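Read the structure below first, then the notes.
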Amino acid sequence: MLVSQILKTKSSEGVVTVPPTTLVSEAAKMLSEKRIGTVIVSRDGSSADGILSERDIVREIGARGAGCLTNTVDTLMTSKLVTCSGDDVADVILKKMTEGRFRHMPVIENGELKGLISLGDVVKARLMELAMEKDALEGMIMGH
């Protein structure tokens, strides 16, 4: 299954982005209200300059205390992004996410942010694929 196929199964709300000057406390509030695990940091709303996850925030609070909540997101974000394109195969993305120990990956096409896939999205797609394969094999065995 391709990343573009996974994106089609997601809600049409799009990717949540925040400018680099957003306070960490504001980003944390947004994550909580929207019940999401990450935001893309973007100067223009269509590119990906970085990514900030709830884990990033919790780690920084653990290391420095609540004072980090008054910092801007660009001070905590991961700026060396691992991205994919719509043409990438889900199994390859699953391996990258597992080996890199991260749960979200921006989908970039020609420098533009097209979506965001999560580890859960990829696992769900793979399970659907396996169910279809199972059904096809059972059909062949039964002579359908």
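Here's how to read the names in the structure tokens: chain A, B, ... by the order shown, residue numbers from 1 in each chain, ligand numbers from 1 in the order shown.
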Under the rule of at most 9 Å, produce a per-residue listing of segment 3-30 of chain A near segment 67-72 of chain A: chain, number, name, the closest pair of atoms, and the distance in Å, as CSV, using only C-alpha atoms.
```
residue,atom,partner,partner_atom,distance
A:Pro20,CA,A:Thr72,CA,6.6
A:Thr21,CA,A:Thr72,CA,5.2
A:Thr22,CA,A:Thr72,CA,5.3
A:Leu23,CA,A:Thr72,CA,4.3
A:Val24,CA,A:Leu69,CA,4.8
A:Ser25,CA,A:Leu69,CA,4.7
A:Glu26,CA,A:Leu69,CA,8.3
A:Ala28,CA,A:Leu69,CA,8.4
```
Report task. Mind checking which residues fall within 7 Å of Val107 of chain A, counting only C-alpha atoms, ignoring those fewer than 3 positions away in the same chain, and posting them as a PyMOL selection string? Result -> chain A and resi 83-86+113-116
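Considering only C-alpha atoms, the residue among A:Val92, A:Ile40, A:Met142, A:Ile57 positioned nearest to Leu2 of chain A is A:Val92.
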**Report entry** Shell around segment 31-35 of chain A at 10 Å using only C-alpha atoms, local window under 6 positions removed, as a PyMOL selection string
**Finding:** chain A and resi 16+25+52-54
Write out, as a JSON list (two decimals), in the first residue's frame, the residues just selected, with C-alpha atoms.
```
[["chain", "number", "residue", "atom", "x", "y", "z"],
["A", 16, "VAL", "CA", -2.26, 21.05, 12.10],
["A", 25, "SER", "CA", 2.22, 26.23, 26.16],
["A", 52, "LEU", "CA", 6.83, 19.03, 17.74],
["A", 53, "SER", "CA", 5.29, 16.13, 19.60],
["A", 54, "GLU", "CA", 3.75, 15.76, 23.00]]
```
Query raised in the report: Between A:Arg59, A:Lys29, A:Val82, A:Val15, which one has atoms that come closest to Ser42 of chain A, using only C-alpha atoms?
Result: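 Between A:Arg59, A:Lys29, A:Val82, A:Val15, the residue approaching Ser42 of chain A most closely is A:Val15.
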Query raised in the report: In terms of the shortest atom-to-atom distance over only C-alpha atoms, which of A:Ala27, A:Met105, A:Leu81, A:Ala131 is closest to Ile117 of chain A?
Result: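 The answer is A:Met105, which sits nearest to Ile117 of chain A.
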